[in-house]
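Here's the structure we're looking at; comments come further down.
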2 protein chains.
Amino acid sequence: MKKRIIGKIALIGVALTLILPGTSIANSELMKLMDNPDNWAIWGGDYAGTRYSKLDQINSKNVGDLKVAWTFSTGVLRGHEGGPLVVGDMLYIMTPFPNKVFAISLNDQTIVWRYEPKQNPEETIPVMCCDTVARGLAYADGKIFMQQADTHLVALNAKTGKMIWRIKNGDPKKGSTNTNAPVVIKDKVLTGISGGEFGVQGFLAAYNIKDGSLAWKAFSVGPDAQTLIDPVKTTHLGKPVGRNSGTNTWKGDQWKIGGGTTWGWYTYDPKLNLVYYGTGNPSTWNPVVRPGDNRWSMTIFARDLDTGKAKWVYQMTPHDEWDYDGINEMILADIKVKGKNRKVLVHFDRNGFGYTLDRVTGELLVAQKYDPAVNWATHVDMKTGRPQVVAKYSTHQGGEDTNTKNVCPAALGSKDQQPAAFSPKTGLFYVPTNHVCMDYEPFEVEYVAGQPYVGATLSMFPAGRVTGDGTTHLGNFIAWDADKGKIVWSLPERFSVWSGALATAGDIVFYGTLEGYLKAVDAKTGKELYKFKTPSGIIGNVNTWKHKGKQYIGVLSGIGGWAGIGMAAGLTADTDGLGAVGAYKALDQYTQLGGVLTVFVLP
Amino acid sequence: MKKRIIGKIALIGVALTLILPGTSIANSELMKLMDNPDNWAIWGGDYAGTRYSKLDQINSKNVGDLKVAWTFSTGVLRGHEGGPLVVGDMLYIMTPFPNKVFAISLNDQTIVWRYEPKQNPEETIPVMCCDTVARGLAYADGKIFMQQADTHLVALNAKTGKMIWRIKNGDPKKGSTNTNAPVVIKDKVLTGISGGEFGVQGFLAAYNIKDGSLAWKAFSVGPDAQTLIDPVKTTHLGKPVGRNSGTNTWKGDQWKIGGGTTWGWYTYDPKLNLVYYGTGNPSTWNPVVRPGDNRWSMTIFARDLDTGKAKWVYQMTPHDEWDYDGINEMILADIKVKGKNRKVLVHFDRNGFGYTLDRVTGELLVAQKYDPAVNWATHVDMKTGRPQVVAKYSTHQGGEDTNTKNVCPAALGSKDQQPAAFSPKTGLFYVPTNHVCMDYEPFEVEYVAGQPYVGATLSMFPAGRVTGDGTTHLGNFIAWDADKGKIVWSLPERFSVWSGALATAGDIVFYGTLEGYLKAVDAKTGKELYKFKTPSGIIGNVNTWKHKGKQYIGVLSGIGGWAGIGMAAGLTADTDGLGAVGAYKALDQYTQLGGVLTVFVLP
């Protein structure tokens with residue numbers, strides 16, 4: 001396998017040179033689209049993943065008057081993550097499995113085209129660990145890029161919906177699926193892979209947007225030739241990582257089924273030409289069978305866009321014992337840290353720490369808890385970068401079949417995939433968070449390709465049960481100071497805040513709740529200025545755009561995702577491997593399934 | 001069978017006397033609720049089925065400012081007919097199969113309770129001819145009455161959702177299902193039966209609300225003992241109908257599988273103590289096998305509430321050759337006809353004629369086409385009450401396997417179940433209509449219990465193809481003068497108007513469109529004053545209520561029903577027996593499936 005991949009990379013190296021002229025064209029078109037806030041041309045609004053819009057027609061003064069402009073049912077019931085793309089007069093959305101794509105005219109709300117791939121539900125759905133979600137589309141070069149659950153990456157003509165090319169990125173029979181939104185940079189479309197609960201060896205892949213041919217593929221774990229890690233040039237906290245760092249902290253060949261999947265969001269710094277993303281949990285959830293740091297699972301990667309080569313890495317949770325996937329988005333911002341202007345990357349990890357790193361060098365600047373309930377580690381040692389694990393919350397130390405109680409956060413983390421926002425106006429990060437703890441019990445599990453390879457049961461409950469503060473809420477929406485590593489304000493929410501945030505130049509921040517409310521709050525104070533009950537619980541991202549002089553806010557509702565898996569999959573009890581969704585049972589008093597786009601405007 | 005039914009009726013006669021005290025209580029509570037326009041306590045707003053509200057906070061001056069107050073996804077995809085009931089602080093809705101019921105608090109939009117019956121989809125769904133719709137609930141005596149698709153009639157505690165009783169009203173294995181909303185009058189809950197395309201012998205049944213025991217059951221066709229028709233006292237256009245009128249216009253025993261189902265709406269005149277409803281098509285759609293008038297299919301019935309006995313009948317379409325079911329609602333109004341005050345019943349039949357009858361005597365006062373395209377009959381002879389059939393549009397005369405072309409209206413009628421509204425302020429009826437014609441070809445079919453017994457294929461297309469006026473629209477929303485029998489104004493709509501209308505004291509009329517627009521128009525002129533695109537196509541009824549001083553408008557969207565069956569059932573081509581939905585194929589450019597309640601309010 002190793003050999004074949006090296007061969008491919010070499011081959012692609014040649015191909016790249018040939019198509020370089022096309023590169024800059026696609027890139028500059030998308031850059032222009034992203035620069036114009038009338039569009040929402042990429043999942044994060046920009047390559048930096050700030051989810052910030054310069055639009056200010058809707059602002060803190062008038063947002064209370066907001067009203068629904070129009071609505072659109074997708075005809076699909078399960079969890080709707082991601083959000084709408086807007087390019088010119090067209091709005092594009094994608095549904096969970098079966099991954100329908102709709103292109104809707106903003107002029108008259110008609111469906112200009114729709115695309116529904118043929119996928120085998122029996123093959124794909126059982127391999128999707130935490131609802132059959134999809135996180136949306138990418139646009140570039142007149143194409144819509146869509147990542148199907150069955151791992152097919154598809155390029156569609158953005159005007160007609162006609163398929164231009166389609167490639168297969170993985171094999172569902174071996175546990176691989178996809179839920180992530182692809183991202184286009186220059187002439188490449190980047191995509192990852194899901195399947196950490198099936199022992200999939202994670203990777204980030206870059207395909208040429210022209211024809212879907214592979215440009216490079218960089219595994220998270222494995223030998224250097226697979227990880228595209230240079231033993232000398234690639235650094236971890238400033239030091240070279242050394243030879244085969246992706247295998248030598250693993251027992252035997254466990255890395256081959258070692259996870260480190262890449263189902264989150266990808267950001268990019270055009271000046272540094274670096275792509276940023278995080279890797280998921282080491283497989284299996286049972287830490288006993290995989291002693292060692294399990295590098296480079298749970299790791300932030302900075303990779304060169306053109307070659308895929310890793311510039312630096314930072315492992316947040318060495319030897320994960322809690323399923324604290326590191327896949328959450330890396331937000332790129334230029335802020336002052338300790339009085340100095342810094343090009344930083346800010347990341348709110350599942351493990352409950354909010355990290356600020358120098359994105360040029362990978363230097364760790366700040367690592368602080370963004371939920372006070374976090375107890376599995378006392379702090380992060382700033383020299384070694386290692387979290388200082390509290391012994392009684394180590395799920396490894398008791399061995400298999402020992403139930404470790406009251407670990408905070410729960411496996412779904414202090415934050416999961418729901419992306420945060422950053423406002424350069426306030427300098428604050430706005431973070432949708434979970435406030436949930438768990439009991440965690442590892443058990444023995446055999447790897448069988450394509451079968452669940454989970455290796456732990458767990459049950460989740462409100463953090464208040466551990467902190468003893470008498471609260472029962474499951475989430476907070478917080479404003480975060482990434483310089484000081486401190487919460488500025490925090491809004492308790494009944495359930496996890498599983499919706500992507502939006503900050504705007506109107507000094508407001510939007511987010512959705514699992515009950516189905518779209519909320520707008522004052523960016524400085526957190527004061528609630530507006531709320532509206534959409535048809536179903538919101539796990540989608542709030543996006544904004546302008547059309548014919550009017551600013552719109554759009555969000556998909558449609559309960560589901562990990563927090564909503566109980567409802568989405570019709571579960572009636574806690575379920576092994578899914579992480580025991582009992583804490584969210586009360587959701588069905590507030591909302592029911594159903595995917596609907598709701599679009600807001602001022603009167 | 002005859003004997004057993006007589007026995008039951010006699011028995012019930014005794015039971016009735018015993019429970020009379022309870023009678024008036026239930027009745028007066030519901031009457032009070034209906035009298036208070038803050039509630040919407042019955043499908044039609046009142047027993048008369050006017051779908052008129054005295055509320056005028058939202059009116060022709062301010063309706064343009066209407067905005068969405070809140071929304072609620074039902075989690076069910078197929079066609080959502082019917083509308084919300086509102087009783088006090090509670091709102092009740094029901095979904096298509098699997099017939100979920102939600103009780104929602106108007107104070108905070110939480111789900112106070114929900115009820116989901118266990119039904120066998122394999123048994124029930126294939127027997128539902130035209131989408132798995134349900135037309136809503138009834139309230140009385142602290143109970144919610146719900147008619148399941150599998151024919152179970154259920155009484156639920158309105159506060160808790162707990163089942164109080166459940167009875168079986170038919171047998172899906174023999175082709176019986178239910179789609180209608182029950183209606184409670186005095187101590188009885190009335191319900192009908194669906195299955196005209198399976199040879200079901202239609203009936204109206206009255207069950208005691210206390211325990212679900214049968215009070216009476218009156219068949220549409222059959223011997224007098226089954227139809228509860230008195231040969232002497234029951235009249236047809238003023239004349240006694242004579243002995244066994246429900247069998248003697250049938251060939252042999254065909255009446256036993258003769259249809260006349262009763263899946264529409266039921267209205268009631270408390271002073272006359274008469275229930276009004278219509279019966280459906282004679283089975284099978286192939287008219288060749290059932291010569292004769294096929295009485296009392298296609299008939300308006302006036303029955304005594306207490307006994308079920310028929311006071312008068314009027315057959316609109318003797319010997320149906322087009323599937324012009326007579327089940328559409330009978331709206332009761334007191335209006336001037338030809339200068340005289342009359343207690344009338346106004347009915348817009350599938351056959352394209354708008355009828356005005358004296359509801360006391362059953363005298364036929366007016367019968368005029370409410371769609372100019374109607375061509376199957378020149379007019380209704382006012383003496384005999386018989387439509388004068390145009391020979392070339394008789395589908396019988398050519399015999400089996402002859403395709404009769406360009407018949408107007410199509411089988412789904414100039415109007416189907418979508419109920420009209422009547423404003424006593426304007427004296428006008430507001431009618432959602434179809435503007436569709438068809439080719440119709442009968443074929444030989446054998447009756448097998450529980451198997452489709454359709455006996456004709458047909459294809460439908462815009463009426464403009466027959467009238468040659470160059471139009472392609474499939475519907476009109478019209479205002480109708482039931483005295484003159486004339487259209488006052490007519491608004492063309494791209495697709496059939498399949499939504500129940502609402503008229504209010506605010507001089508406005510609401511209706512929904514299959515594209516998904518809720519529209520408000522001026523009651524006098526038809527001028528469009530407001531429109532809003534709900535998540536999916538609207539086949540539900542627009543209702544209104546007041547809560548904490550504010551008037552609300554509510555409507556279920558969720559494309560489906562006969563017009564939307566192509567989308568709802570995922571059909572890709574015209575389908576035998578369903579009536580060829582090809583004309584509605586373009587719907588998928590405008591909307592997708594998904595049940596959502598949208599509630600509107602003034603800012």
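Just so we're on the same page: first chain in the structure tokens is A, next is B, and so on; residues restart at 1 for each chain, and ligands are numbered from 1 in the order they show up.
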
Go through stretch 238-296 of chain A and collect every residue that DSSP, computed from the backbone, puts in helix (DSSP H, G or I); the answer should be as a PyMOL selection string.
-> chain A and resi 254-257+287-289

Name all residues at most 10 Å from A:Arg303 (count only C-alpha atoms; drop same-chain ones fewer than 6 positions away) and give them as a count of residues only.
-> 17

Quick one: residues within 10 Å of A:Val454, only C-alpha atoms counted, chain neighbours fewer than 3 positions away excluded, as a PyMOL selection string?
-> chain A and resi 129+196-199+283-286+323+442-447+451+457+576-578

Which residues of chain A are close to chain B, meaning at most 8 Å apart when you count only C-alpha atoms, and how do they look as JSON, numbers by chain?
-> {"A": [67, 68, 69, 70, 71, 72, 73, 74, 75, 76, 77, 109, 110, 111, 112, 113, 532, 533, 534, 535, 536, 588, 589, 590, 591, 592, 593, 594, 595, 596, 597]}

Got a sec: who's within 10 Å of A:Asp293, counting only C-alpha atoms, leaving out chain neighbours fewer than 2 positions off, as a PyMOL selection string?
-> chain A and resi 246-251+282+290-291+295-298+315+317-320

Please, which residues of stretch 346-514 of chain A, numbered as in this document, come out strand (DSSP E) from DSSP, as a PyMOL selection string?
-> chain A and resi 346-348+353-358+364-369+377-380+387-389+404-407+421-423+428-434+436-442+456-462+475-481+486-493+502-504+508-512

Kindly save the residues from that selection, with C-alpha atoms included, as a PDB file, in the first residue's frame.
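Done, and the output landed in again_39.pdb:
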```
ATOM      1  CA  VAL A 346      -7.755  29.497  17.470  1.00  0.00           C
ATOM      2  CA  HIS A 347      -9.312  26.123  18.107  1.00  0.00           C
ATOM      3  CA  PHE A 348     -11.948  24.971  20.555  1.00  0.00           C
ATOM      4  CA  PHE A 353      -9.468  23.477  25.983  1.00  0.00           C
ATOM      5  CA  GLY A 354      -9.467  26.582  23.840  1.00  0.00           C
ATOM      6  CA  TYR A 355      -6.122  26.794  22.065  1.00  0.00           C
ATOM      7  CA  THR A 356      -4.359  29.769  20.560  1.00  0.00           C
ATOM      8  CA  LEU A 357      -1.342  28.878  18.442  1.00  0.00           C
ATOM      9  CA  ASP A 358       1.005  30.821  16.242  1.00  0.00           C
ATOM     10  CA  LEU A 364       1.405  27.101  21.597  1.00  0.00           C
ATOM     11  CA  LEU A 365       0.393  30.491  23.005  1.00  0.00           C
ATOM     12  CA  VAL A 366      -2.740  29.836  25.070  1.00  0.00           C
ATOM     13  CA  ALA A 367      -4.547  26.691  26.274  1.00  0.00           C
ATOM     14  CA  GLN A 368      -7.379  27.275  28.701  1.00  0.00           C
ATOM     15  CA  LYS A 369     -10.644  25.591  29.545  1.00  0.00           C
ATOM     16  CA  ALA A 377      -7.036  17.472  32.951  1.00  0.00           C
ATOM     17  CA  THR A 378      -5.982  20.222  35.347  1.00  0.00           C
ATOM     18  CA  HIS A 379      -4.232  22.271  32.663  1.00  0.00           C
ATOM     19  CA  VAL A 380      -1.981  22.056  29.648  1.00  0.00           C
ATOM     20  CA  PRO A 387      -2.625  18.098  29.154  1.00  0.00           C
ATOM     21  CA  GLN A 388      -2.086  17.117  32.766  1.00  0.00           C
ATOM     22  CA  VAL A 389      -4.502  14.227  33.123  1.00  0.00           C
ATOM     23  CA  THR A 404     -14.868   5.754  34.998  1.00  0.00           C
ATOM     24  CA  LYS A 405     -17.402   8.151  36.410  1.00  0.00           C
ATOM     25  CA  ASN A 406     -18.119  11.841  36.024  1.00  0.00           C
ATOM     26  CA  VAL A 407     -15.618  12.754  33.342  1.00  0.00           C
ATOM     27  CA  ALA A 421     -17.268  32.606  14.723  1.00  0.00           C
ATOM     28  CA  PHE A 422     -14.746  35.413  15.143  1.00  0.00           C
ATOM     29  CA  SER A 423     -15.500  39.118  14.938  1.00  0.00           C
ATOM     30  CA  LEU A 428     -13.993  37.908  20.383  1.00  0.00           C
ATOM     31  CA  PHE A 429     -14.696  34.336  19.402  1.00  0.00           C
ATOM     32  CA  TYR A 430     -18.297  33.135  19.663  1.00  0.00           C
ATOM     33  CA  VAL A 431     -18.488  29.497  20.552  1.00  0.00           C
ATOM     34  CA  PRO A 432     -21.451  27.097  20.589  1.00  0.00           C
ATOM     35  CA  THR A 433     -20.651  24.665  23.383  1.00  0.00           C
ATOM     36  CA  ASN A 434     -21.782  21.530  25.180  1.00  0.00           C
ATOM     37  CA  VAL A 436     -22.108  17.638  29.343  1.00  0.00           C
ATOM     38  CA  CYS A 437     -20.189  15.002  31.316  1.00  0.00           C
ATOM     39  CA  MET A 438     -20.044  11.210  31.121  1.00  0.00           C
ATOM     40  CA  ASP A 439     -19.318   7.826  32.569  1.00  0.00           C
ATOM     41  CA  TYR A 440     -16.982   5.864  30.279  1.00  0.00           C
ATOM     42  CA  GLU A 441     -16.298   2.137  30.248  1.00  0.00           C
ATOM     43  CA  PRO A 442     -13.817   0.562  27.820  1.00  0.00           C
ATOM     44  CA  ALA A 456     -16.380   1.644  24.991  1.00  0.00           C
ATOM     45  CA  THR A 457     -19.810   2.355  26.329  1.00  0.00           C
ATOM     46  CA  LEU A 458     -20.653   5.641  27.853  1.00  0.00           C
ATOM     47  CA  SER A 459     -23.531   7.604  29.227  1.00  0.00           C
ATOM     48  CA  MET A 460     -23.862  11.352  29.192  1.00  0.00           C
ATOM     49  CA  PHE A 461     -25.564  13.776  31.546  1.00  0.00           C
ATOM     50  CA  PRO A 462     -25.677  17.484  32.417  1.00  0.00           C
ATOM     51  CA  GLY A 475     -25.005  23.894  26.641  1.00  0.00           C
ATOM     52  CA  ASN A 476     -23.691  27.443  26.705  1.00  0.00           C
ATOM     53  CA  PHE A 477     -23.112  29.967  23.983  1.00  0.00           C
ATOM     54  CA  ILE A 478     -19.983  31.820  24.964  1.00  0.00           C
ATOM     55  CA  ALA A 479     -17.804  34.733  23.935  1.00  0.00           C
ATOM     56  CA  TRP A 480     -14.109  33.929  24.297  1.00  0.00           C
ATOM     57  CA  ASP A 481     -11.018  36.048  24.587  1.00  0.00           C
ATOM     58  CA  LYS A 486     -11.071  33.572  29.246  1.00  0.00           C
ATOM     59  CA  ILE A 487     -14.819  33.446  28.842  1.00  0.00           C
ATOM     60  CA  VAL A 488     -16.166  36.996  28.409  1.00  0.00           C
ATOM     61  CA  TRP A 489     -19.832  36.074  28.664  1.00  0.00           C
ATOM     62  CA  SER A 490     -21.758  32.833  28.667  1.00  0.00           C
ATOM     63  CA  LEU A 491     -25.406  32.189  27.836  1.00  0.00           C
ATOM     64  CA  PRO A 492     -26.792  28.963  29.258  1.00  0.00           C
ATOM     65  CA  GLU A 493     -28.902  26.911  26.846  1.00  0.00           C
ATOM     66  CA  LEU A 502     -22.291  33.791  12.659  1.00  0.00           C
ATOM     67  CA  ALA A 503     -20.808  37.158  13.667  1.00  0.00           C
ATOM     68  CA  THR A 504     -21.464  40.272  11.622  1.00  0.00           C
ATOM     69  CA  ILE A 508     -24.585  40.831  16.432  1.00  0.00           C
ATOM     70  CA  VAL A 509     -23.984  37.140  16.679  1.00  0.00           C
ATOM     71  CA  PHE A 510     -26.412  34.454  15.517  1.00  0.00           C
ATOM     72  CA  TYR A 511     -26.750  30.856  16.551  1.00  0.00           C
ATOM     73  CA  GLY A 512     -29.417  28.169  16.636  1.00  0.00           C
TER      74      GLY A 512
END
```

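Note that atom CA of B:Phe145 and atom CA of B:Val87 are 13.4 Å apart.
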